[in-house]
Amino acid sequence: MDRLDAAQISLPGVEIQVVERCPSTNTALLKRNSDGPTLLAAEEQTAGRGRRGRRWHSPAGAGVTFSLAARVRRPLREMPALSLVAGVAASRALRSLGVAGAALKWPNDLVVDGAKLGGILVETRANGAGCHAVIGIGINCHRVPQLEAKVGRELAFVDDHARVSRNGVIQEVAGALLHGLREFESRGLDAVRADWEAMHAHAGQRLRVRLADGRVITGIASGLGENGALQIKTRQGLRAVTSGRVVSARAA
Ligand code: BTN
């Protein structure tokens, strides 16, 4: 079995810690207020958290579950774009490892042919001229047959596309993430906008999107608006969705 091992993850300037088990690597790093970048990876999370209050399920040793904490110097109003920056970084890294079909579902689900390969949970706290960000990433690596039944959806696994250890996945994804954060600090969302749109699994498709207040809108996916909003061309005009969930997509 490929065990996680901090000595096999090389990220200059980053404090790296691997633990056997913890409730959630995001929760653990949010409690610390580390100065420099810190990465915490766990073989198993006992209370892994997903977006919108959901659970993140990843059986011990089967996937990659880690969080990276770092200071990010950009105006606070731009921080919603961080989750897109993280999605682009993870997708770039997975493609470079051989997962050629890695793509993004807004805002930052990692998918292959519509099946979920991974998810990203970004949590921020204001800190001087910027924020303290904790970016948590979960990626399915080794296929676990019962997992799809448990989460009730089709899943994708790195193993089905590339031969790479979980330490290798962490190194590549975290390295791309650090690079993405530097790009974001110097140029904001524009640094990754073109890549996000190029890797968008539903670009130009007809989407149904459930908004945060429960209403559903339908229209054509038309790229990213300010601060990472998903632009939908509806019959009433262009709508910018800042909070919501894509419930279905089909060719326009
Ligand atoms: C989602 O798709 O809902 C986001 C899932 C994020 C899961 C990762 S696993 C590492 C980090 N720790 C957590 O508790 N959640 C994130």
# chains A, B, ... in the order shown; residues from 1 in each chain; ligands from 1
>>> residues_near_ligand(ligand="ligand 1", cutoff="9 Å", atoms="only C-alpha atoms and all ligand atoms", output="ChimeraX atom specification")
/A:23-28,40-42,45-58,64-68,108-110,116,118-122,134-139
>>> write_last_selection(atoms="C-alpha atoms", output="compact mmCIF listing (two decimals), in the first residue's frame")
# COMPACT_ATOMS: atom_id res chain seq x y z
CA PRO A 23 -11.32 14.95 12.15
CA SER A 24 -10.65 17.33 9.25
CA THR A 25 -7.37 18.77 7.95
CA ASN A 26 -9.16 22.06 7.20
CA THR A 27 -10.49 22.34 10.75
CA ALA A 28 -7.05 21.51 12.18
CA LEU A 40 -1.36 18.91 6.61
CA ALA A 41 -2.27 15.57 5.04
CA ALA A 42 -4.19 12.74 6.73
CA GLN A 45 -10.41 12.07 8.23
CA THR A 46 -13.07 11.08 10.74
CA ALA A 47 -15.25 14.14 10.01
CA GLY A 48 -14.13 15.31 6.56
CA ARG A 49 -16.08 18.36 5.45
CA GLY A 50 -17.35 19.24 1.98
CA ARG A 51 -18.88 22.41 0.60
CA ARG A 52 -22.34 23.56 1.74
CA GLY A 53 -22.13 21.65 5.02
CA ARG A 54 -21.83 18.25 3.37
CA ARG A 55 -19.52 15.42 4.49
CA TRP A 56 -16.43 14.38 2.51
CA HIS A 57 -16.04 10.60 2.45
CA SER A 58 -12.63 9.07 1.73
CA VAL A 64 -5.68 12.17 -0.87
CA THR A 65 -7.03 14.50 1.81
CA PHE A 66 -4.90 17.51 2.62
CA SER A 67 -5.09 21.21 3.38
CA LEU A 68 -2.68 24.01 2.65
CA ASN A 108 -14.36 23.99 -8.33
CA ASP A 109 -15.48 20.36 -8.45
CA LEU A 110 -12.86 18.21 -10.17
CA LYS A 116 -16.50 13.45 -9.47
CA GLY A 118 -12.26 15.53 -6.23
CA GLY A 119 -13.49 18.52 -4.32
CA ILE A 120 -12.10 21.69 -2.82
CA LEU A 121 -13.11 23.56 0.32
CA VAL A 122 -11.64 27.06 0.75
CA VAL A 134 -7.00 27.24 4.29
CA ILE A 135 -7.50 25.35 1.05
CA GLY A 136 -8.60 21.75 1.53
CA ILE A 137 -8.44 19.26 -1.31
CA GLY A 138 -9.86 15.75 -1.49
CA ILE A 139 -9.06 13.52 -4.48
>>> select_by_dssp(residues="range 132-187 of chain A", states="alpha helix (DSSP H)", output="PyMOL selection string")
chain A and resi 145-151+166-187
>>> closest_residue(among="A:Leu104, A:Ala126, A:Val144, A:Val192", to="Val246 in chain A", atoms="only C-alpha atoms")
A:Leu104
>>> residues_around(residues="Ala133 in chain A", least_positions_apart="6", cutoff="12 Å", atoms="only C-alpha atoms", output="MDAnalysis selection string")
chainID A and resid 26:27 29:39 67:74 76 79:80 82:83 86 121:127 178 181
>>> atom_distance(atom1="CA of Val241 in chain A", atom2="CA of Gly152 in chain A")
25.8 Å
>>> select_by_dssp(residues="range 116-226 of chain A", states="strand (DSSP E)", output="PyMOL selection string")
chain A and resi 116-126+131-140+206-211+216-224
>>> residues_around(residues="Asp2 in chain A", least_positions_apart="4", cutoff="10 Å", atoms="only C-alpha atoms", output="JSON list (two decimals) with N, CA, C and O atoms, in the first residue's frame")
[["chain", "number", "residue", "atom", "x", "y", "z"],
["A", 61, "GLY", "N", -6.56, 5.64, 3.54],
["A", 61, "GLY", "CA", -5.56, 5.17, 2.58],
["A", 61, "GLY", "C", -6.01, 5.15, 1.13],
["A", 61, "GLY", "O", -5.22, 4.83, 0.25],
["A", 62, "ALA", "N", -7.27, 5.49, 0.86],
["A", 62, "ALA", "CA", -7.77, 5.35, -0.51],
["A", 62, "ALA", "C", -7.61, 6.60, -1.35],
["A", 62, "ALA", "O", -7.50, 6.53, -2.57],
["A", 164, "VAL", "N", 0.48, 6.91, -10.34],
["A", 164, "VAL", "CA", 1.19, 7.90, -9.51],
["A", 164, "VAL", "C", 0.84, 7.62, -8.04],
["A", 164, "VAL", "O", -0.29, 7.21, -7.73],
["A", 165, "SER", "N", 1.83, 7.80, -7.16],
["A", 165, "SER", "CA", 1.57, 7.56, -5.74],
["A", 165, "SER", "C", 0.76, 8.71, -5.17],
["A", 165, "SER", "O", 0.72, 9.80, -5.74],
["A", 166, "ARG", "N", 0.16, 8.48, -4.01],
["A", 166, "ARG", "CA", -0.60, 9.57, -3.37],
["A", 166, "ARG", "C", 0.34, 10.69, -2.94],
["A", 166, "ARG", "O", -0.01, 11.87, -2.98],
["A", 167, "ASN", "N", 1.58, 10.35, -2.52],
["A", 167, "ASN", "CA", 2.55, 11.42, -2.20],
["A", 167, "ASN", "C", 2.81, 12.27, -3.43],
["A", 167, "ASN", "O", 2.93, 13.49, -3.35]]
>>> closest_residue(among="A:Ala149, A:Val173, A:Ala251, A:Leu211", to="Leu11 in chain A", atoms="only C-alpha atoms")
A:Val173
>>> closest_residue(among="A:Leu189, A:Leu177, A:Leu4, A:Val151", to="Gly225 in chain A", atoms="only C-alpha atoms")
A:Leu189
>>> closest_residue(among="A:Lys105, A:Val99, A:Ala194, A:Val158", to="Leu230 in chain A", atoms="only C-alpha atoms")
A:Lys105
